[in-house]
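Peer 1: So here's model13.cif (mmCIF, C-alpha atoms).
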data_run
loop_
_atom_site.label_atom_id
_atom_site.label_comp_id
_atom_site.auth_asym_id
_atom_site.auth_seq_id
_atom_site.Cartn_x
_atom_site.Cartn_y
_atom_site.Cartn_z
CA MET A 1 129.78 86.43 109.14
CA THR A 2 132.32 87.48 106.56
CA ALA A 3 134.58 89.74 108.60
CA GLU A 4 138.17 88.68 109.26
CA GLU A 5 139.37 88.22 112.81
CA GLY A 6 140.12 91.41 114.73
CA PRO A 7 138.53 94.86 114.64
CA ALA A 8 135.47 95.25 112.44
CA LYS A 9 132.29 97.31 112.14
CA LEU A 10 128.73 96.25 112.82
CA VAL A 11 126.28 97.81 110.38
CA SER A 12 122.68 97.59 111.59
CA ILE A 13 119.96 98.36 109.08
CA VAL A 14 116.44 98.74 110.46
CA THR A 15 113.81 98.93 107.72
CA GLU A 16 110.46 97.68 106.42
CA ALA A 17 110.12 93.92 106.02
CA ALA A 18 108.63 94.58 102.57
CA VAL A 19 112.07 95.37 101.13
CA GLU A 20 113.93 92.42 102.64
CA THR A 21 114.58 90.68 99.33
CA LEU A 22 115.72 93.88 97.60
CA LEU A 23 117.93 94.85 100.51
CA LEU A 24 119.64 91.45 100.69
CA ARG A 25 120.24 91.56 96.96
CA GLU A 26 121.93 94.93 97.43
CA ILE A 27 124.09 93.59 100.28
CA GLU A 28 125.08 90.49 98.36
CA ALA A 29 125.92 92.61 95.31
CA MET A 30 128.64 94.22 97.43
CA GLY A 31 130.25 90.84 97.93
CA ILE A 32 129.03 90.47 101.50
CA ASP A 33 127.65 86.99 102.00
CA GLY A 34 127.03 86.95 105.74
CA TYR A 35 124.28 88.72 107.65
CA THR A 36 121.75 88.16 110.43
CA ILE A 37 118.10 89.15 110.12
CA ALA A 38 115.73 89.75 113.02
CA ASP A 39 112.02 90.62 113.07
CA VAL A 40 111.71 93.75 115.17
CA ARG A 41 109.16 96.35 116.20
CA GLY A 42 109.47 99.88 117.49
CA ARG A 43 108.88 103.50 116.82
CA GLY A 44 110.55 106.10 114.62
CA THR A 45 110.00 109.15 112.47
CA ARG A 46 107.58 107.15 110.32
CA GLY A 47 105.40 106.29 113.31
CA ARG A 48 104.90 103.11 115.28
CA ARG A 49 105.82 99.82 113.59
CA SER A 50 103.91 97.26 115.62
CA GLY A 51 105.19 94.27 113.67
CA SER A 52 101.89 92.49 114.18
CA TRP A 53 101.10 92.14 110.47
CA ASP A 54 102.60 92.54 107.02
CA ALA A 55 102.39 96.29 106.45
CA SER A 56 103.76 97.15 109.90
CA ALA A 57 106.49 94.50 109.99
CA SER A 58 110.09 95.67 110.34
CA ILE A 59 113.43 93.87 110.17
CA ARG A 60 116.93 94.56 111.38
CA VAL A 61 119.76 93.27 109.21
CA ASP A 62 123.12 93.07 110.98
CA VAL A 63 126.30 92.89 108.92
CA VAL A 64 129.78 92.66 110.42
CA CYS A 65 132.49 93.66 107.96
CA ALA A 66 135.74 95.57 107.48
CA PRO A 67 135.47 99.29 108.34
CA VAL A 68 135.90 100.53 104.72
CA ARG A 69 133.12 98.28 103.46
CA ALA A 70 130.82 99.28 106.32
CA GLU A 71 130.66 102.89 105.24
CA ALA A 72 130.23 102.02 101.57
CA LEU A 73 127.42 99.62 102.44
CA ALA A 74 125.63 102.14 104.63
CA LEU A 75 125.82 104.84 101.96
CA ARG A 76 124.64 102.53 99.22
CA VAL A 77 121.67 101.26 101.23
CA LYS A 78 120.75 104.79 102.31
CA GLU A 79 120.88 106.09 98.76
CA ARG A 80 118.77 103.23 97.47
CA PHE A 81 116.11 102.92 100.18
CA ALA A 82 115.93 106.11 102.27
CA PRO A 83 113.82 108.08 99.76
CA GLY A 84 110.88 105.66 99.76
CA TYR A 85 111.04 103.58 102.92
CA ALA A 86 111.29 103.76 106.67
CA LEU A 87 115.03 103.24 107.19
CA PHE A 88 117.52 103.70 110.00
CA ILE A 89 121.19 102.71 109.79
CA PHE A 90 123.83 102.83 112.46
CA ILE A 91 127.42 101.62 112.59
CA CYS A 92 129.33 100.66 115.68
CA ASP A 93 132.63 99.05 116.57
CA ALA A 94 132.83 95.30 116.71
CA TRP A 95 135.48 92.70 117.39
CA VAL A 96 135.64 89.33 115.74
CA PRO A 97 137.52 86.87 118.02
CA MET B 1 68.40 89.40 113.76
CA ALA B 2 71.20 87.87 115.84
CA ILE B 3 74.67 89.26 115.17
CA ASP B 4 77.17 86.73 113.93
CA PRO B 5 79.62 86.23 116.82
CA VAL B 6 82.66 86.69 114.54
CA ILE B 7 81.59 90.33 114.02
CA LEU B 8 81.55 90.75 117.80
CA PHE B 9 85.17 89.61 117.87
CA PHE B 10 85.98 92.39 115.43
CA VAL B 11 84.15 94.90 117.65
CA LEU B 12 86.10 93.56 120.64
CA GLY B 13 89.37 94.11 118.75
CA VAL B 14 88.41 97.68 117.83
CA ALA B 15 87.35 98.42 121.42
CA ALA B 16 90.57 96.94 122.84
CA GLY B 17 92.62 98.93 120.32
CA LEU B 18 90.85 102.20 121.09
CA MET B 19 91.28 101.59 124.84
CA ARG B 20 95.01 101.07 124.17
CA SER B 21 94.87 97.60 125.66
CA GLU B 22 98.09 95.63 125.49
CA LEU B 23 96.26 92.90 123.60
CA ARG B 24 97.94 91.85 120.36
CA LEU B 25 98.00 88.66 118.41
CA PRO B 26 101.65 87.55 118.12
CA ALA B 27 102.85 88.00 114.53
CA PRO B 28 103.36 84.24 113.86
CA VAL B 29 99.83 83.54 115.13
CA TYR B 30 98.39 86.16 112.80
CA GLU B 31 100.42 84.61 109.96
CA LEU B 32 99.07 81.15 110.76
CA VAL B 33 95.50 82.36 111.12
CA SER B 34 95.57 84.16 107.77
CA MET B 35 97.24 81.13 106.16
CA ILE B 36 94.45 78.85 107.34
CA LEU B 37 91.81 81.31 106.09
CA LEU B 38 93.37 81.67 102.65
CA LEU B 39 93.95 77.93 102.27
CA SER B 40 90.46 76.94 103.36
CA ILE B 41 88.87 79.48 101.02
CA GLY B 42 91.05 78.12 98.21
CA LEU B 43 90.35 74.49 99.09
CA LYS B 44 86.56 75.00 99.09
CA GLY B 45 86.72 76.65 95.68
CA GLY B 46 89.03 73.97 94.33
CA VAL B 47 86.77 71.11 95.40
CA GLU B 48 83.94 72.81 93.50
CA LEU B 49 86.11 73.36 90.42
CA ALA B 50 86.78 69.62 90.34
CA ARG B 51 83.05 69.13 89.76
CA GLN B 52 82.64 71.32 86.71
CA PRO B 53 84.59 72.00 83.54
CA ALA B 54 86.78 75.06 84.10
CA LEU B 55 86.14 76.27 80.55
CA ASP B 56 82.50 77.03 81.39
CA LEU B 57 83.71 79.65 83.83
CA MET B 58 85.79 81.60 81.30
CA PRO B 59 83.08 84.23 80.53
CA GLN B 60 82.60 84.83 84.27
CA ILE B 61 86.36 85.14 84.83
CA ALA B 62 86.56 87.67 82.00
CA ALA B 63 83.66 89.69 83.45
CA VAL B 64 85.24 89.78 86.91
CA THR B 65 88.57 90.90 85.41
CA VAL B 66 86.86 93.77 83.60
CA MET B 67 85.03 94.64 86.83
CA GLY B 68 88.37 95.03 88.66
CA ILE B 69 89.65 97.37 85.95
CA VAL B 70 86.43 99.42 85.89
CA LEU B 71 86.40 99.86 89.69
CA THR B 72 89.98 101.16 89.66
CA LEU B 73 89.23 103.56 86.81
CA LEU B 74 86.11 104.81 88.66
CA ALA B 75 87.98 105.44 91.92
CA PHE B 76 91.02 107.18 90.37
CA PRO B 77 89.29 110.34 89.01
CA LEU B 78 87.27 110.66 92.24
CA LEU B 79 90.49 110.70 94.26
CA ARG B 80 92.31 113.00 91.82
CA GLY B 81 89.41 115.42 91.26
CA LEU B 82 87.51 115.52 94.54
CA GLY B 83 90.22 114.34 96.90
CA ARG B 84 93.05 116.33 95.21
CA PHE B 85 95.50 113.51 95.80
CA SER B 86 98.77 113.31 93.92
CA ARG B 87 98.83 111.00 90.92
CA VAL B 88 100.69 108.21 92.72
CA ASP B 89 98.57 108.35 95.87
CA ALA B 90 95.32 108.42 93.90
CA ALA B 91 96.52 105.47 91.81
CA ALA B 92 97.54 103.50 94.91
CA ILE B 93 94.25 104.06 96.74
CA ALA B 94 92.27 103.30 93.55
CA ALA B 95 94.16 100.02 93.11
CA HIS B 96 93.32 99.00 96.69
CA TYR B 97 89.63 99.54 95.93
CA GLY B 98 89.70 97.79 92.57
CA SER B 99 91.37 94.79 94.20
CA VAL B 100 89.69 92.58 96.77
CA SER B 101 89.86 91.78 100.49
CA VAL B 102 89.92 88.09 101.28
CA GLY B 103 88.99 88.79 104.91
CA THR B 104 85.82 90.60 103.85
CA PHE B 105 85.01 87.74 101.47
CA ALA B 106 85.43 85.26 104.34
CA VAL B 107 83.05 87.27 106.53
CA ALA B 108 80.47 87.48 103.73
CA ALA B 109 80.71 83.72 103.10
CA ALA B 110 80.29 83.10 106.85
CA TYR B 111 77.33 85.54 106.89
CA LEU B 112 75.58 83.58 104.13
CA THR B 113 76.34 80.19 105.68
CA TYR B 114 75.04 81.45 109.05
CA ARG B 115 71.75 82.36 107.34
CA GLN B 116 71.72 79.17 105.27
CA ILE B 117 71.79 81.05 101.98
CA GLY B 118 73.49 79.00 99.27
CA PHE B 119 76.07 80.41 96.85
CA GLU B 120 78.19 79.21 93.95
CA GLN B 121 81.09 77.41 95.61
CA HIS B 122 83.54 78.44 92.91
CA MET B 123 83.37 82.10 94.08
CA PRO B 124 86.90 81.90 95.63
CA LEU B 125 88.21 81.63 92.07
CA PHE B 126 86.87 85.15 91.49
CA VAL B 127 88.77 86.38 94.56
CA VAL B 128 91.97 85.23 92.87
CA VAL B 129 90.96 86.77 89.56
CA LEU B 130 89.90 90.10 91.08
CA GLU B 131 93.10 90.53 93.04
CA ILE B 132 95.33 91.08 90.01
CA PRO B 133 94.00 93.54 87.38
CA ALA B 134 93.50 96.51 89.71
CA ILE B 135 97.11 96.39 90.89
CA ILE B 136 98.41 96.37 87.32
CA ILE B 137 96.10 99.25 86.30
CA GLY B 138 97.04 101.13 89.48
CA VAL B 139 100.76 100.86 88.75
CA LEU B 140 100.09 101.96 85.15
CA LEU B 141 98.18 105.01 86.42
CA ALA B 142 100.97 105.83 88.85
CA LYS B 143 103.98 105.29 86.61
CA GLY B 144 102.81 105.05 83.02
CA LEU B 145 104.35 102.50 80.68
CA GLY B 146 108.07 101.78 80.67
CA ARG B 147 110.47 100.99 83.51
CA GLN B 148 110.72 97.31 82.62
CA GLN B 149 112.53 96.35 85.79
CA ALA B 150 109.67 97.65 87.93
CA TRP B 151 107.15 95.67 85.88
CA GLY B 152 108.97 92.40 86.38
CA ARG B 153 109.15 93.03 90.10
CA MET B 154 105.48 93.96 90.26
CA LEU B 155 104.33 90.87 88.39
CA HIS B 156 106.49 88.73 90.65
CA GLU B 157 105.07 90.43 93.73
CA VAL B 158 101.45 90.09 92.54
CA LEU B 159 101.68 86.54 91.27
CA CYS B 160 104.04 85.15 93.92
CA GLY B 161 102.79 87.17 96.89
CA LYS B 162 101.84 84.92 99.76
CA SER B 163 98.09 85.55 99.58
CA MET B 164 98.12 84.59 95.91
CA VAL B 165 100.27 81.49 96.44
CA LEU B 166 98.06 80.28 99.29
CA LEU B 167 94.76 80.97 97.52
CA VAL B 168 95.83 79.48 94.20
CA GLY B 169 97.65 76.68 96.01
CA GLY B 170 94.51 75.86 97.99
CA LEU B 171 92.44 75.91 94.81
CA LEU B 172 94.83 73.51 93.08
CA VAL B 173 95.05 71.14 96.05
CA GLY B 174 91.25 71.10 96.36
CA TRP B 175 90.89 70.62 92.62
CA VAL B 176 93.35 67.72 92.45
CA ALA B 177 92.22 66.05 95.69
CA GLY B 178 88.49 66.51 95.13
CA GLU B 179 85.73 66.22 97.71
CA ASP B 180 86.76 62.82 99.09
CA GLY B 181 90.44 63.69 99.15
CA VAL B 182 90.06 66.74 101.37
CA GLN B 183 88.05 64.84 104.00
CA SER B 184 91.21 64.05 105.93
CA ILE B 185 92.15 67.74 106.36
CA LYS B 186 88.57 68.91 106.89
CA PRO B 187 88.79 69.24 110.71
CA LEU B 188 91.45 71.97 110.50
CA PHE B 189 90.42 73.85 107.39
CA PHE B 190 86.61 73.60 107.35
CA ASP B 191 85.39 72.72 110.87
CA LEU B 192 87.59 75.30 112.60
CA PHE B 193 86.95 77.98 109.96
CA LYS B 194 84.67 80.16 112.08
CA GLY B 195 86.94 80.04 115.13
CA VAL B 196 89.96 80.95 113.04
CA LEU B 197 87.96 83.74 111.39
CA ALA B 198 87.05 85.05 114.85
CA LEU B 199 90.74 85.25 115.85
CA PHE B 200 91.60 86.89 112.53
CA LEU B 201 88.87 89.50 113.03
CA LEU B 202 90.04 90.19 116.57
CA GLU B 203 93.44 91.15 115.19
CA MET B 204 91.86 93.07 112.29
CA GLY B 205 89.88 95.07 114.87
CA LEU B 206 93.11 95.95 116.67
CA ILE B 207 94.76 96.96 113.39
CA ALA B 208 91.72 99.00 112.29
CA ALA B 209 91.70 100.85 115.62
CA GLY B 210 95.39 101.64 115.11
CA HIS B 211 94.56 103.42 111.85
CA VAL B 212 91.87 105.68 113.31
CA GLY B 213 94.39 108.33 114.41
CA GLY B 214 96.03 108.43 110.98
CA LEU B 215 92.64 108.67 109.36
CA LEU B 216 91.61 111.67 111.43
CA ARG B 217 94.83 113.41 110.36
CA GLN B 218 94.09 112.76 106.67
CA GLY B 219 90.83 114.65 106.85
CA LEU B 220 87.23 113.89 106.14
CA PHE B 221 87.53 113.12 102.45
CA LEU B 222 89.04 109.67 102.98
CA LEU B 223 86.38 108.87 105.60
CA GLY B 224 83.64 109.67 103.07
CA PHE B 225 85.47 107.92 100.24
CA GLY B 226 85.97 104.81 102.39
CA MET B 227 82.21 104.45 102.73
CA ALA B 228 81.03 105.81 99.36
CA MET B 229 83.39 103.75 97.19
CA PRO B 230 82.18 100.40 98.63
CA LEU B 231 78.61 101.42 97.80
CA ILE B 232 79.58 102.23 94.21
CA GLY B 233 81.50 98.94 94.05
CA ALA B 234 78.56 96.99 95.46
CA VAL B 235 76.20 98.42 92.81
CA VAL B 236 78.69 97.48 90.06
CA GLY B 237 79.19 94.03 91.59
CA THR B 238 75.45 93.41 91.87
CA MET B 239 74.92 94.38 88.23
CA VAL B 240 77.75 92.11 87.06
CA ALA B 241 76.34 89.25 89.18
CA LEU B 242 72.89 89.70 87.65
CA GLY B 243 74.40 89.76 84.19
CA LEU B 244 76.22 86.50 84.94
CA GLY B 245 73.04 84.94 86.33
CA LEU B 246 74.49 84.24 89.78
CA SER B 247 72.29 83.07 92.66
CA LEU B 248 71.23 85.38 95.52
CA GLY B 249 74.20 84.26 97.64
CA GLY B 250 76.58 84.60 94.69
CA THR B 251 75.28 88.12 94.05
CA VAL B 252 75.90 89.12 97.68
CA LEU B 253 79.43 87.70 97.48
CA LEU B 254 80.33 89.41 94.20
CA ALA B 255 78.89 92.72 95.46
CA THR B 256 80.94 92.34 98.65
CA MET B 257 84.10 91.56 96.68
CA ALA B 258 83.57 94.62 94.50
CA ALA B 259 82.90 96.73 97.60
CA SER B 260 85.96 95.51 99.47
CA ALA B 261 89.43 97.03 99.41
CA SER B 262 92.65 95.03 99.44
CA TYR B 263 94.97 95.24 102.43
CA ILE B 264 97.41 92.41 101.73
CA ALA B 265 98.30 92.08 98.04
CA ALA B 266 97.89 95.71 96.93
CA PRO B 267 99.83 97.32 99.79
CA ALA B 268 102.68 94.83 99.38
CA ALA B 269 102.91 95.38 95.62
CA PHE B 270 102.71 99.16 95.87
CA ARG B 271 105.23 99.32 98.68
CA LEU B 272 107.77 97.65 96.43
CA VAL B 273 106.95 99.13 93.06
CA VAL B 274 105.63 102.61 93.90
CA PRO B 275 107.32 103.45 97.23
CA GLU B 276 106.49 107.15 96.82
CA ALA B 277 102.78 106.38 97.35
CA LYS B 278 102.01 106.86 101.03
CA PRO B 279 100.66 103.66 102.59
CA ALA B 280 99.10 105.76 105.37
CA PHE B 281 96.42 106.98 102.93
CA SER B 282 95.45 103.67 101.36
CA LEU B 283 95.73 101.53 104.50
CA ALA B 284 93.96 104.01 106.77
CA THR B 285 91.07 104.09 104.33
CA SER B 286 90.85 100.41 103.46
CA LEU B 287 91.44 99.12 107.02
CA GLY B 288 90.21 102.01 109.14
CA VAL B 289 86.98 102.68 107.25
CA THR B 290 86.07 100.27 104.48
CA PHE B 291 86.79 96.96 106.20
CA PRO B 292 84.73 97.78 109.34
CA PHE B 293 82.02 99.43 107.22
CA ASN B 294 81.70 96.37 104.99
CA ILE B 295 81.60 93.71 107.66
CA VAL B 296 79.26 95.54 110.03
CA LEU B 297 76.89 97.45 107.73
CA GLY B 298 77.89 96.71 104.15
CA ILE B 299 77.27 92.98 103.89
CA PRO B 300 73.69 93.12 105.29
CA LEU B 301 73.07 96.09 102.98
CA TYR B 302 74.44 94.23 99.92
CA HIS B 303 72.25 91.26 100.92
CA TRP B 304 69.20 93.54 100.94
CA MET B 305 70.29 95.08 97.63
CA ALA B 306 70.81 91.66 96.04
CA GLU B 307 67.34 90.52 97.15
CA ARG B 308 65.73 93.60 95.58
CA ALA B 309 67.80 93.21 92.42
CA GLN B 310 66.95 89.52 92.07
CA MET B 311 63.25 90.32 92.55
CA MET B 312 63.36 93.05 89.92
CA LYS B 313 65.14 90.72 87.56
CA GLY B 314 62.38 88.17 88.15
CA VAL B 315 59.74 90.78 87.24
CA TRP B 316 61.50 91.68 84.00
#
Go ahead and express the file in the form of structure tokens.
Peer 2:
Amino acid sequence: MTAEEGPAKLVSIVTEAAVETLLLREIEAMGIDGYTIADVRGRGTRGRRSGSWDASASIRVDVVCAPVRAEALALRVKERFAPGYALFIFICDAWVP
Amino acid sequence: MAIDPVILFFVLGVAAGLMRSELRLPAPVYELVSMILLLSIGLKGGVELARQPALDLMPQIAAVTVMGIVLTLLAFPLLRGLGRFSRVDAAAIAAHYGSVSVGTFAVAAAYLTYRQIGFEQHMPLFVVVLEIPAIIIGVLLAKGLGRQQAWGRMLHEVLCGKSMVLLVGGLLVGWVAGEDGVQSIKPLFFDLFKGVLALFLLEMGLIAAGHVGGLLRQGLFLLGFGMAMPLIGAVVGTMVALGLGLSLGGTVLLATMAASASYIAAPAAFRLVVPEAKPAFSLATSLGVTFPFNIVLGIPLYHWMAERAQMMKGVW
């Protein structure tokens, strides 16, 4: 990932697979060029996301970056996608060895 | 009359879903199964296209395009007026019903083959054609003109969506390779078709059962609409088929296409371009009501209707 060695933040974005391309474009536009994507399933305020087919497929995008960028990224993604899509973001401490 | 076993797989899926069984097709398997279905439908159509000049089909392509637009414009006021849906939700549901379900088409084609009723083999081309106009009209109804960025994204989503790429890709491969060329891939795409369809329907049954709860929450209107709109579509489709001079099998297929509601291309496009439209409405109706209705009751009914219509046409 793009974070320098030492303390960093892990931003995890859980959202609908349908917006993957748009979301990655948004992340890359912030100058972040490293991320990890996983296909996930689960349950949230928008109901159960079984992940078994297109409309119920969810992804989790993990980005490790400097703390200042983490907050900016989370806000930007929330502003852009929270109104229309199932979205959950959390940030936690990370360490890049 | 014996029930086609693939339908029983669908019933099994619904039953397992309603019983909250742990059964689920792993996502990559579902992806593979739908890929094989889309490609084999495309390939069969493409092989047929290689036999006849494509230009002869232009009037039929135009008629099917108009049919997609008409179906969307018929559904929209019903949803707005009777269903009291918001503009965006009515437009999204209408677009699903103007567009087409490849799974339903596959079941109808299998139904006809099972009964040894012939049909025009270029019908898959109409699936491709019918998929597009309703989505464009639906987005227009939801958003009006303007917002150029959204239009570019929508066209990309509709034209480069995976169902479109696989169907059109299959058509082109079949067209270029021709009948002899596709012999080498026949065991996977043609011989295994029914088995793959059975697996696909098993998963569709599970998905349909998952939408029953949502449907009950949305009220009775969508339940009624999900069965009434296919009947309206089937009548329109039958009339268009008669006008185009299609065979009995072709008439059943076009009626089924018109009766079916999209659950791949339309939801994907609307999710991206009109995120404020609630997918719960359109998917619960198209998957929870219309898909089961069409494959269990609709297709035999459209067959009966096509027979009567062809007879009446013969009399006139």
Peer 1: Could you check the closest approach to Leu73 of chain B for each of B:Gly224, B:Pro26, B:Pro5, B:Gly233 and tell me which residue wins, using all atoms listed in the file?
Peer 2: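 Of B:Gly224, B:Pro26, B:Pro5, B:Gly233, the one nearest Leu73 of chain B is B:Gly233, counting all atoms listed in the file.
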Peer 1: Go through chain A residue by residue and, counting all atoms listed in the file, keep those with an atom at most 9 Å from chain B; for each kept residue give the shortest atom pair and its distance in Å to one decimal, ordered by chain and increasing number, as a tab-separated table.
Peer 2:
residue	atom	partner	partner_atom	distance
A:Ala18	CA	B:Ala268	CA	6.8
A:Val19	CA	B:Leu272	CA	6.8
A:Leu22	CA	B:Leu272	CA	8.9
A:Gly51	CA	B:Ala27	CA	6.7
A:Ser52	CA	B:Ala27	CA	4.6
A:Trp53	CA	B:Ala27	CA	6.1
A:Asp54	CA	B:Ile264	CA	7.4
A:Ala55	CA	B:Pro267	CA	7.2
A:Ala57	CA	B:Ala27	CA	8.7
A:Pro83	CA	B:Glu276	CA	8.0
A:Gly84	CA	B:Pro275	CA	4.9
A:Tyr85	CA	B:Pro275	CA	6.8
Peer 1: Name every residue that the PyMOL selection byres ((chain B and resi 121-125) around 9) selects in this structure, writing the answer as a list in words with chains first and numbers rising.
Peer 2: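 Output of the PyMOL selection byres ((chain B and resi 121-125) around 9): Ile41, Gly42, Leu43, Lys44, Gly45, Gly46, Val47, Glu48, Leu49, Ile61, Val102, Phe105, Gly118, Phe119, Glu120, Phe126, Val127, Val128, Val129, Leu130, Leu167, Val168, Leu171, Gly250, Leu253 and Leu254 of chain B.
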Peer 1: Could you write out that same residue set with C-alpha atoms as a short mmCIF file (atom, residue, chain, number, x, y, z; two decimals), in the coordinates of the input?
Peer 2:
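The resulting selection_26.cif:
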data_model
loop_
_atom_site.label_atom_id
_atom_site.label_comp_id
_atom_site.auth_asym_id
_atom_site.auth_seq_id
_atom_site.Cartn_x
_atom_site.Cartn_y
_atom_site.Cartn_z
CA ILE B 41 88.87 79.48 101.02
CA GLY B 42 91.05 78.12 98.21
CA LEU B 43 90.35 74.49 99.09
CA LYS B 44 86.56 75.00 99.09
CA GLY B 45 86.72 76.65 95.68
CA GLY B 46 89.03 73.97 94.33
CA VAL B 47 86.77 71.11 95.40
CA GLU B 48 83.94 72.81 93.50
CA LEU B 49 86.11 73.36 90.42
CA ILE B 61 86.36 85.14 84.83
CA VAL B 102 89.92 88.09 101.28
CA PHE B 105 85.01 87.74 101.47
CA GLY B 118 73.49 79.00 99.27
CA PHE B 119 76.07 80.41 96.85
CA GLU B 120 78.19 79.21 93.95
CA PHE B 126 86.87 85.15 91.49
CA VAL B 127 88.77 86.38 94.56
CA VAL B 128 91.97 85.23 92.87
CA VAL B 129 90.96 86.77 89.56
CA LEU B 130 89.90 90.10 91.08
CA LEU B 167 94.76 80.97 97.52
CA VAL B 168 95.83 79.48 94.20
CA LEU B 171 92.44 75.91 94.81
CA GLY B 250 76.58 84.60 94.69
CA LEU B 253 79.43 87.70 97.48
CA LEU B 254 80.33 89.41 94.20
#
Peer 1: Run the PyMOL selection byres ((chain A and resi 63) around 7) mentally over the shown coordinates, then write out the matched residues as a list in words, using the chain letters and numbers from the document.
Peer 2: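 This file, filtered by the PyMOL selection byres ((chain A and resi 63) around 7), leaves Leu10, Val11, Ser12, Gly34, Tyr35, Thr36, Val61, Asp62, Val64 and Cys65 of chain A.
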Peer 1: On this structure, which residues satisfy the PyMOL selection byres ((chain B and resi 95) around 8), written as an MDAnalysis selection string?
Peer 2: chainID B and resid 72 91:94 96:99 134:135 137:139 266
Peer 1: Counting all atoms listed in the file, which of A:Arg41, A:Leu87, A:Leu75, A:Pro67 gets nearest to Lys9 of chain A?
Peer 2: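 Going through A:Arg41, A:Leu87, A:Leu75, A:Pro67 one by one, the smallest distance to Lys9 of chain A is for A:Pro67.
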Peer 1: So which residues touch Val40 of chain A within 9 Å, counting all atoms listed in the file, skipping near sequence neighbours fewer than 5 positions away, as a PyMOL selection string?
Peer 2: chain A and resi 14+49-51+57-60
Peer 1: Hey, what's within 12 Å of Gly195 of chain B if we count only C-alpha atoms and toss same-chain stuff fewer than 2 positions away? As a ChimeraX atom specification, please?
Peer 2: /B:4-7,9,33,36-37,107,110,187-193,197-202
Peer 1: Could you pull the residues within 10 Å of Gly243 of chain B, counting only C-alpha atoms, minus those fewer than 6 positions along the same chain, as a VMD selection string?
Peer 2: chain B and resid 60 63 237 313
Peer 1: Just checking: using all atoms listed in the file, which residue out of B:Ala177, B:Ile132, B:Val165, B:Ala16 ends up closest to Arg51 of chain B?
Peer 2: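 For Arg51 of chain B, the nearest of the candidates is B:Ala177.
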Peer 1: Return the single residue from B:Ile136, B:Leu220, B:Val252, B:Leu32 that is closest to Ile299 of chain B, with distances computed using only C-alpha atoms.
Peer 2: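 Answer, going by the shortest atom-to-atom distance: B:Val252.
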Peer 1: Restricting the calculation to all atoms listed in the file, which member of A:Ala38, A:Ile91, A:Val96, A:Leu23 is positioned closest to Val68 of chain A?
Peer 2: A:Ile91
Peer 1: Hey, which of B:Gln218, B:Gly213, B:Glu157, B:Ser21 ends up closest to Arg48 of chain A? Count all atoms listed in the file.
Peer 2: B:Gly213
Peer 1: Go ahead and compute the interatomic distance for atom CA of Leu155 of chain B and atom CA of Leu222 of chain B, in Å to one decimal.
Peer 2: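 Between these atoms lies a distance of 28.3 Å.
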Peer 1: Within 8 Å of Pro7 of chain A, counting all atoms listed in the file, which residues qualify if same-chain residues fewer than 2 places away don't, as a PyMOL selection string?
Peer 2: chain A and resi 5+9+66+93-96
Peer 1: Which residues, written as a list in words, have at least one atom at most 9 Å from Val77 of chain A, with all atoms listed in the file counted and residues fewer than 5 positions away on the same chain left out?
Peer 2: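 That gives Ile13, Leu23, Glu26, Ile27, Ala72, Ala82 and Ile89 of chain A.
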Peer 1: Suppose you want the space between atom CA of Val182 of chain B and atom CA of Met164 of chain B; what is it in Å?
Peer 2: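 Atom-to-atom, atom CA of Val182 of chain B and atom CA of Met164 of chain B are spaced 20.3 Å apart.
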